[in-house]
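Down below is the structure, laid out as structure tokens.
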Amino acid sequence: MGIQKDRVKFNVGGRIFETTATTLANAGRNSLFGAMFDDEWNLNSDATIIEHFIDRNPNCFSVLLDLLRTGELYLPQNLPEKLLYREALFYGLLDHVRSAKWGPFDGNRLRLARSVTGQAPGDGTAIRAGPDGGCCVAHGSMVHVYDWMMEEHPPINLDYQRVNDAGWLDSENIVLSACERLGKGDGGMGLFSASTGELRYKFNVKHENQVKSYTAGALSFSSDYKLFSSCKGRSNEYGIGVWDQVTGKQIDFFYEPPGWSLGDADKLQWLHGTNCLLVATLFPRKDNCYISLLDFRDKSMVWSWSDIGTPITDERRVRDAIAMEETSSICVVNEYEDLGFMDLRRNAGSVRWSSRSRLMKGKMPDEPCYPKLALHEGQLFSSMNDCISVFCGPDWVLTSRLRRSYGGSICDFSIGGDRLFALHSEENVFDIWETSPPPII
């Protein structure tokens with residue numbers, strides 16, 4: 001609680017507000033109010049200043065001051081939400097507003113916050129959650145970018161080059177991978193501004209000191225500022241390229257070995273604990289499935305699995321894969337949402353399938369989307385038709401299902417910024433799932 005000598009008075013747009021230094025300190029060092037304190041968080045006192053004048057909206061100031069006092073956000077009906085966001089940006093309090101609107105991510109406590117309709121009919125390629133609660137949605141050669149307030153920024157247009165994957169380098173930059181256009185080159189990867197859509201630089205592939213045209217596919221990022229992408233070139237330059245995220249320079253290339261598939265990979269996943277890269281090429285991109293772990297330190301494939309030579313049925317065909325470092329295993333899923341597990345400590349082992357997770361029985365929908373997997377803070381997520389299942393615990397027991405009433409099957413989903421985004425295939429609509437903020441006691 002603030003004490004009497006710490007009282008601070010503001011005149012905001014002609015209205016007088018009085019608060020304490022303790023309340024203002026809740027705004028943090030990077031806020032406008034942080035300049036009112038010294039390095040020891042003592043209030044900079046100036047006897048000549050009776051009140052601090054701020055020429056801004058007093059109604060918004062009242063809401064934001066109450067947020068600093070209580071940790072709760074109450075928005076009066078007559079106060080536009082966008083106006084509050086604008087004022088919160090001025091005071092450096094956007095993070096406080098965002099934290100008050102939804103709580104820390106928990107797959108078992110998610111609620112449908114809203115749905116956003118896009119401008120193109122169906123055929124979404126991918127949706128990727130941004131680190132601050134925004135997202136980007138790829139449709140063909142166009143990528144629509146949204147901030148955490150779901151305000152759309154200028155779109156990124158690749159001029160008829162189909163986008164294969166997208167990834168947020170940080171809250172201001174997006175990496176896009178695209179197909180090469182026959183006869184025109186182009187393709188590859190570029191770093192784009194999330195706010196303006198402008199191309200900042202391209203990630204080139206060099207072979208024998210010559211820049212090559214290529215198709216870039218799946219993307220992944222490491223904690224030491226490396227960018228990975230599957231690559232296909234016209235001169236058999238198939239494999240996984242590595243670039244420096246900061247400079248954009250190529251620093252390595254893992255060539256595809258004979259009889260294996262890397263350049264057509266559907267998914268890349270960097271494993272921070274083992275410093276290896278999961279590479280998964282899946283049906284129907286290839287007739288067979290190839291999953292491997294690559295160690296770039298000595299250019300070795302330290303683990304691999306394929307279904308080549310084994311009888312394959314729809315119930316045993318792998319549709320997606322994800323590595324789980326804590327249990328030294330890889331989780332896979334088939335088109336019926338049966339989960340399977342492989343031990344990373346055994347090379348070329350078999351898949352241990354479990355049907356306990358199956359949710360969908362009977363006839364498949366007319367336009368199904370293949371299941372996809374995600375792992376977030378110890379919870380496993382799997383999309384199937386129009387819902388997303390949440391699995392928890394050492395035995396990965398089904399604990400929740402997320403489903404909405406329209407939009408068709410879920411073709412992609414992504415988790416980030418304490419939100420889950422789900423992209424539907426039929427109506428070009430994506431859902432935003434959030435965890436309710438914890439109650440203030």
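As shown in the structure tokens, the chain order sets the letters A, B, ...; within each chain, residues go from 1, and ligands are also counted from 1 in the order they appear.
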
Just the strand (DSSP E or B) stuff from stretch 44-188 of chain A, please, per backbone DSSP, written as a compact mmCIF listing (two decimals) with N, CA, C and O atoms, in the first residue's frame.
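Final output, out.txt:
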# COMPACT_ATOMS: atom_id res chain seq x y z
N HIS A 52 1.12 16.54 -12.37
CA HIS A 52 1.70 16.23 -13.67
C HIS A 52 0.60 16.29 -14.72
O HIS A 52 -0.41 15.59 -14.62
N PHE A 53 0.80 17.13 -15.72
CA PHE A 53 -0.21 17.29 -16.76
C PHE A 53 0.09 16.37 -17.95
O PHE A 53 1.22 16.33 -18.44
N ILE A 54 -0.93 15.63 -18.39
CA ILE A 54 -0.83 14.75 -19.56
C ILE A 54 -2.01 15.07 -20.46
O ILE A 54 -3.18 14.96 -20.05
N LEU A 110 -9.14 -23.58 -22.00
CA LEU A 110 -9.31 -22.66 -23.13
C LEU A 110 -10.79 -22.39 -23.39
O LEU A 110 -11.64 -23.26 -23.22
N ARG A 111 -11.07 -21.16 -23.81
CA ARG A 111 -12.42 -20.76 -24.22
C ARG A 111 -12.32 -20.08 -25.57
O ARG A 111 -11.31 -19.45 -25.90
N LEU A 112 -13.36 -20.22 -26.39
CA LEU A 112 -13.38 -19.56 -27.69
C LEU A 112 -13.61 -18.08 -27.48
O LEU A 112 -14.69 -17.65 -27.06
N ALA A 113 -12.59 -17.27 -27.78
CA ALA A 113 -12.68 -15.83 -27.56
C ALA A 113 -13.38 -15.13 -28.72
O ALA A 113 -14.22 -14.26 -28.52
N ARG A 114 -13.03 -15.51 -29.94
CA ARG A 114 -13.65 -14.91 -31.11
C ARG A 114 -13.24 -15.69 -32.35
O ARG A 114 -12.32 -16.50 -32.31
N SER A 115 -13.93 -15.41 -33.45
CA SER A 115 -13.58 -15.97 -34.75
C SER A 115 -13.40 -14.82 -35.73
O SER A 115 -14.12 -13.82 -35.68
N VAL A 116 -12.44 -14.96 -36.62
CA VAL A 116 -12.12 -13.92 -37.59
C VAL A 116 -12.30 -14.49 -38.99
O VAL A 116 -11.75 -15.54 -39.31
N THR A 117 -13.07 -13.79 -39.81
CA THR A 117 -13.31 -14.22 -41.18
C THR A 117 -12.32 -13.55 -42.11
O THR A 117 -12.13 -12.34 -42.06
N ALA A 126 -1.66 -22.23 -44.14
CA ALA A 126 -1.09 -22.36 -42.81
C ALA A 126 -1.51 -21.18 -41.96
O ALA A 126 -1.80 -20.09 -42.46
N ILE A 127 -1.53 -21.40 -40.64
CA ILE A 127 -1.71 -20.33 -39.67
C ILE A 127 -0.59 -20.46 -38.65
O ILE A 127 -0.25 -21.58 -38.24
N ARG A 128 0.02 -19.34 -38.28
CA ARG A 128 1.13 -19.34 -37.33
C ARG A 128 0.91 -18.28 -36.27
O ARG A 128 0.69 -17.10 -36.58
N ALA A 129 0.97 -18.70 -35.01
CA ALA A 129 0.80 -17.79 -33.88
C ALA A 129 2.06 -16.97 -33.68
O ALA A 129 3.19 -17.50 -33.76
N CYS A 135 -1.09 -13.25 -35.18
CA CYS A 135 -0.95 -14.42 -36.02
C CYS A 135 -0.79 -13.99 -37.47
O CYS A 135 -1.03 -12.83 -37.83
N CYS A 136 -0.40 -14.94 -38.32
CA CYS A 136 -0.41 -14.72 -39.76
C CYS A 136 -1.07 -15.93 -40.41
O CYS A 136 -0.95 -17.06 -39.92
N VAL A 137 -1.79 -15.68 -41.52
CA VAL A 137 -2.52 -16.72 -42.22
C VAL A 137 -2.11 -16.69 -43.69
O VAL A 137 -2.18 -15.64 -44.34
N ALA A 138 -1.65 -17.83 -44.20
CA ALA A 138 -1.21 -17.92 -45.59
C ALA A 138 -2.32 -18.52 -46.45
O ALA A 138 -2.90 -19.56 -46.10
N HIS A 139 -2.63 -17.84 -47.56
CA HIS A 139 -3.57 -18.33 -48.55
C HIS A 139 -2.90 -18.22 -49.92
O HIS A 139 -2.76 -17.10 -50.45
N MET A 142 -0.58 -15.19 -50.82
CA MET A 142 -0.87 -14.05 -49.95
C MET A 142 -0.81 -14.47 -48.49
O MET A 142 -1.26 -15.54 -48.11
N VAL A 143 -0.22 -13.59 -47.68
CA VAL A 143 -0.16 -13.82 -46.23
C VAL A 143 -0.78 -12.63 -45.53
O VAL A 143 -0.35 -11.48 -45.71
N HIS A 144 -1.82 -12.89 -44.74
CA HIS A 144 -2.49 -11.86 -43.97
C HIS A 144 -1.93 -11.86 -42.55
O HIS A 144 -1.82 -12.92 -41.92
N VAL A 145 -1.57 -10.69 -42.06
CA VAL A 145 -0.90 -10.55 -40.77
C VAL A 145 -1.80 -9.77 -39.81
O VAL A 145 -2.34 -8.72 -40.17
N TYR A 146 -1.96 -10.28 -38.60
CA TYR A 146 -2.79 -9.66 -37.58
C TYR A 146 -1.98 -9.45 -36.31
O TYR A 146 -1.19 -10.32 -35.92
N GLU A 152 -5.70 -6.03 -38.80
CA GLU A 152 -4.92 -6.56 -39.90
C GLU A 152 -3.94 -5.53 -40.42
O GLU A 152 -4.29 -4.38 -40.68
N ILE A 156 1.17 -9.48 -47.07
CA ILE A 156 2.40 -9.80 -47.79
C ILE A 156 2.00 -10.55 -49.07
O ILE A 156 1.37 -11.60 -49.00
N ASN A 157 2.38 -10.02 -50.21
CA ASN A 157 2.01 -10.61 -51.49
C ASN A 157 3.27 -11.09 -52.20
O ASN A 157 4.16 -10.30 -52.52
N VAL A 163 3.00 -19.93 -50.99
CA VAL A 163 3.66 -19.98 -49.69
C VAL A 163 3.55 -21.40 -49.13
O VAL A 163 2.46 -21.97 -49.06
N ASN A 164 4.68 -21.95 -48.74
CA ASN A 164 4.71 -23.30 -48.16
C ASN A 164 4.69 -23.29 -46.64
O ASN A 164 4.12 -24.19 -46.02
N ASP A 165 5.33 -22.32 -46.03
CA ASP A 165 5.38 -22.27 -44.57
C ASP A 165 5.65 -20.83 -44.15
O ASP A 165 6.09 -19.99 -44.95
N ALA A 166 5.39 -20.55 -42.89
CA ALA A 166 5.62 -19.22 -42.32
C ALA A 166 6.08 -19.40 -40.88
O ALA A 166 5.72 -20.38 -40.21
N GLY A 167 6.88 -18.47 -40.40
CA GLY A 167 7.34 -18.51 -39.02
C GLY A 167 7.70 -17.13 -38.53
O GLY A 167 8.22 -16.30 -39.29
N TRP A 168 7.40 -16.86 -37.26
CA TRP A 168 7.71 -15.56 -36.66
C TRP A 168 9.13 -15.60 -36.11
O TRP A 168 9.43 -16.39 -35.20
N LEU A 169 9.99 -14.75 -36.64
CA LEU A 169 11.32 -14.61 -36.08
C LEU A 169 11.26 -13.90 -34.74
O LEU A 169 11.95 -14.26 -33.79
N ASP A 170 10.43 -12.87 -34.66
CA ASP A 170 10.10 -12.15 -33.43
C ASP A 170 8.79 -11.43 -33.72
O ASP A 170 8.15 -11.66 -34.76
N ASN A 173 9.01 -9.51 -37.21
CA ASN A 173 9.54 -10.09 -38.44
C ASN A 173 8.98 -11.48 -38.68
O ASN A 173 8.88 -12.31 -37.76
N ILE A 174 8.63 -11.75 -39.95
CA ILE A 174 8.08 -13.03 -40.36
C ILE A 174 8.93 -13.60 -41.48
O ILE A 174 9.31 -12.89 -42.42
N VAL A 175 9.25 -14.89 -41.39
CA VAL A 175 9.95 -15.60 -42.45
C VAL A 175 8.94 -16.40 -43.24
O VAL A 175 8.11 -17.12 -42.67
N LEU A 176 8.99 -16.29 -44.58
CA LEU A 176 8.11 -17.05 -45.46
C LEU A 176 8.95 -17.92 -46.38
O LEU A 176 9.98 -17.47 -46.90
N SER A 177 8.50 -19.16 -46.58
CA SER A 177 9.11 -20.04 -47.57
C SER A 177 8.14 -20.21 -48.71
O SER A 177 6.93 -20.28 -48.51
N ALA A 178 8.68 -20.28 -49.94
CA ALA A 178 7.81 -20.29 -51.12
C ALA A 178 8.37 -21.19 -52.20
O ALA A 178 9.55 -21.54 -52.21
N ARG A 181 9.28 -20.55 -59.10
CA ARG A 181 8.47 -20.48 -60.32
C ARG A 181 9.32 -20.89 -61.51
O ARG A 181 10.37 -20.31 -61.74
N GLY A 185 12.70 -18.42 -61.67
CA GLY A 185 13.49 -18.46 -60.44
C GLY A 185 12.64 -18.09 -59.24
O GLY A 185 11.62 -18.71 -58.97
N GLY A 187 11.19 -17.82 -55.63
CA GLY A 187 11.06 -18.86 -54.62
C GLY A 187 12.01 -18.64 -53.47
O GLY A 187 12.55 -17.55 -53.25
N GLY A 188 12.24 -19.70 -52.71
CA GLY A 188 13.15 -19.62 -51.58
C GLY A 188 12.50 -19.01 -50.35
O GLY A 188 11.32 -19.24 -50.09

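By chain and then residue number, the residues within 12 Å of A:Pro284 are Asp264, Ala265, Asp266, Tyr290, Asp314, Arg317, Val318, Arg319, Asp320, Glu335 and Tyr370 of chain A, counting only C-alpha atoms and disregarding those fewer than 6 positions away in sequence.
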
Okay, now the selection with N, CA, C and O atoms, as an mmCIF file, in the first residue's frame?
data_model
loop_
_atom_site.group_PDB
_atom_site.id
_atom_site.type_symbol
_atom_site.label_atom_id
_atom_site.label_comp_id
_atom_site.auth_asym_id
_atom_site.auth_seq_id
_atom_site.Cartn_x
_atom_site.Cartn_y
_atom_site.Cartn_z
ATOM 1 N N ASP A 264 11.886 -32.690 -49.230
ATOM 2 C CA ASP A 264 10.419 -32.611 -49.319
ATOM 3 C C ASP A 264 9.758 -32.591 -47.951
ATOM 4 O O ASP A 264 8.550 -32.833 -47.844
ATOM 5 N N ALA A 265 10.501 -32.309 -46.908
ATOM 6 C CA ALA A 265 9.983 -32.451 -45.537
ATOM 7 C C ALA A 265 8.721 -31.635 -45.300
ATOM 8 O O ALA A 265 8.591 -30.495 -45.740
ATOM 9 N N ASP A 266 7.765 -32.260 -44.591
ATOM 10 C CA ASP A 266 6.538 -31.581 -44.171
ATOM 11 C C ASP A 266 6.728 -30.827 -42.868
ATOM 12 O O ASP A 266 6.033 -29.846 -42.609
ATOM 13 N N TYR A 290 9.235 -40.769 -43.875
ATOM 14 C CA TYR A 290 10.635 -40.738 -43.455
ATOM 15 C C TYR A 290 10.749 -39.768 -42.280
ATOM 16 O O TYR A 290 10.415 -38.590 -42.403
ATOM 17 N N ASP A 314 -4.407 -47.627 -43.879
ATOM 18 C CA ASP A 314 -4.748 -46.270 -43.440
ATOM 19 C C ASP A 314 -4.633 -46.124 -41.936
ATOM 20 O O ASP A 314 -4.308 -45.048 -41.429
ATOM 21 N N ARG A 317 -0.850 -45.515 -41.261
ATOM 22 C CA ARG A 317 -0.094 -44.545 -42.044
ATOM 23 C C ARG A 317 0.076 -43.261 -41.243
ATOM 24 O O ARG A 317 -0.890 -42.657 -40.800
ATOM 25 N N VAL A 318 1.313 -42.820 -41.064
ATOM 26 C CA VAL A 318 1.618 -41.658 -40.238
ATOM 27 C C VAL A 318 1.258 -40.374 -40.986
ATOM 28 O O VAL A 318 1.652 -40.177 -42.132
ATOM 29 N N ARG A 319 0.503 -39.513 -40.328
ATOM 30 C CA ARG A 319 0.089 -38.223 -40.917
ATOM 31 C C ARG A 319 0.844 -37.042 -40.331
ATOM 32 O O ARG A 319 0.937 -35.994 -40.953
ATOM 33 N N ASP A 320 1.356 -37.165 -39.118
ATOM 34 C CA ASP A 320 2.165 -36.098 -38.525
ATOM 35 C C ASP A 320 3.023 -36.707 -37.439
ATOM 36 O O ASP A 320 2.762 -37.824 -36.944
ATOM 37 N N GLU A 335 -4.751 -41.037 -39.500
ATOM 38 C CA GLU A 335 -5.885 -40.218 -39.905
ATOM 39 C C GLU A 335 -7.123 -40.459 -39.053
ATOM 40 O O GLU A 335 -8.125 -39.773 -39.219
ATOM 41 N N TYR A 370 -6.113 -33.785 -42.695
ATOM 42 C CA TYR A 370 -5.279 -34.727 -41.974
ATOM 43 C C TYR A 370 -4.927 -34.168 -40.594
ATOM 44 O O TYR A 370 -4.724 -32.966 -40.427
#

Close residues, A:Leu293 itself excluded, 7 Å, only C-alpha atoms, min 4 positions apart in chain, as a VMD selection string:
chain A and resid 276 to 279 301 to 304

Skipping near chain neighbours, those fewer than 4 positions away, what residues fall within 9 Å of stretch 400-412 of chain A using only C-alpha atoms, listed as a PyMOL selection string?
chain A and resi 107-112+123-128+365+367-372+383-391+421-431+433

Between atom CA of A:Ser306 and atom CA of A:Ser350, what is the distance in Å, rounded to a tenth?
9.4 Å

Distance query A:Thr19 at most 8 Å, only C-alpha atoms, self and fewer than 3 positions along chain excluded, as a compact mmCIF listing (two decimals) with all heavy atoms, in the first residue's frame:
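Written file, around11.txt:
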# COMPACT_ATOMS: atom_id res chain seq x y z
N ARG A 7 2.12 10.06 -2.53
CA ARG A 7 0.96 10.41 -3.34
C ARG A 7 1.38 11.25 -4.54
O ARG A 7 2.23 12.13 -4.45
CB ARG A 7 -0.05 11.17 -2.50
CG ARG A 7 -0.78 10.27 -1.51
CD ARG A 7 -1.55 11.06 -0.48
NE ARG A 7 -2.61 11.85 -1.09
CZ ARG A 7 -3.44 12.62 -0.37
NH1 ARG A 7 -3.33 12.67 0.94
NH2 ARG A 7 -4.39 13.32 -0.98
N VAL A 8 0.76 10.94 -5.71
CA VAL A 8 1.09 11.60 -6.96
C VAL A 8 -0.21 12.08 -7.60
O VAL A 8 -1.20 11.36 -7.62
CB VAL A 8 1.83 10.66 -7.93
CG1 VAL A 8 2.27 11.41 -9.18
CG2 VAL A 8 3.02 10.01 -7.25
N LYS A 9 -0.18 13.30 -8.11
CA LYS A 9 -1.39 13.88 -8.70
C LYS A 9 -1.16 14.10 -10.20
O LYS A 9 -0.11 14.58 -10.62
CB LYS A 9 -1.75 15.21 -8.02
CG LYS A 9 -3.06 15.82 -8.49
CD LYS A 9 -3.36 17.12 -7.75
CE LYS A 9 -3.69 16.83 -6.28
NZ LYS A 9 -4.16 18.08 -5.60
N THR A 23 1.43 2.23 -6.78
CA THR A 23 0.57 1.85 -7.90
C THR A 23 1.27 2.09 -9.24
O THR A 23 1.25 1.25 -10.14
CB THR A 23 -0.74 2.63 -7.85
OG1 THR A 23 -1.47 2.27 -6.67
CG2 THR A 23 -1.60 2.35 -9.08
N LEU A 24 1.92 3.24 -9.37
CA LEU A 24 2.60 3.57 -10.62
C LEU A 24 3.77 2.64 -10.89
O LEU A 24 4.08 2.34 -12.05
CB LEU A 24 3.10 5.01 -10.59
CG LEU A 24 2.01 6.10 -10.51
CD1 LEU A 24 2.65 7.47 -10.45
CD2 LEU A 24 1.06 6.00 -11.70

Which residues come within 12 Å of A:Glu72, counting only C-alpha atoms, excluding same-chain residues fewer than 3 positions away, as a list of chain:residue names?
A:Val63, A:Leu64, A:Leu65, A:Asp66, A:Leu67, A:Leu68, A:Arg69, A:Leu75, A:His96, A:Val97, A:Arg98, A:Ser99, A:Ala100, A:Lys101, A:Trp102, A:Gly103, A:Ser436, A:Pro437, A:Pro438, A:Pro439, A:Ile440, A:Ile441
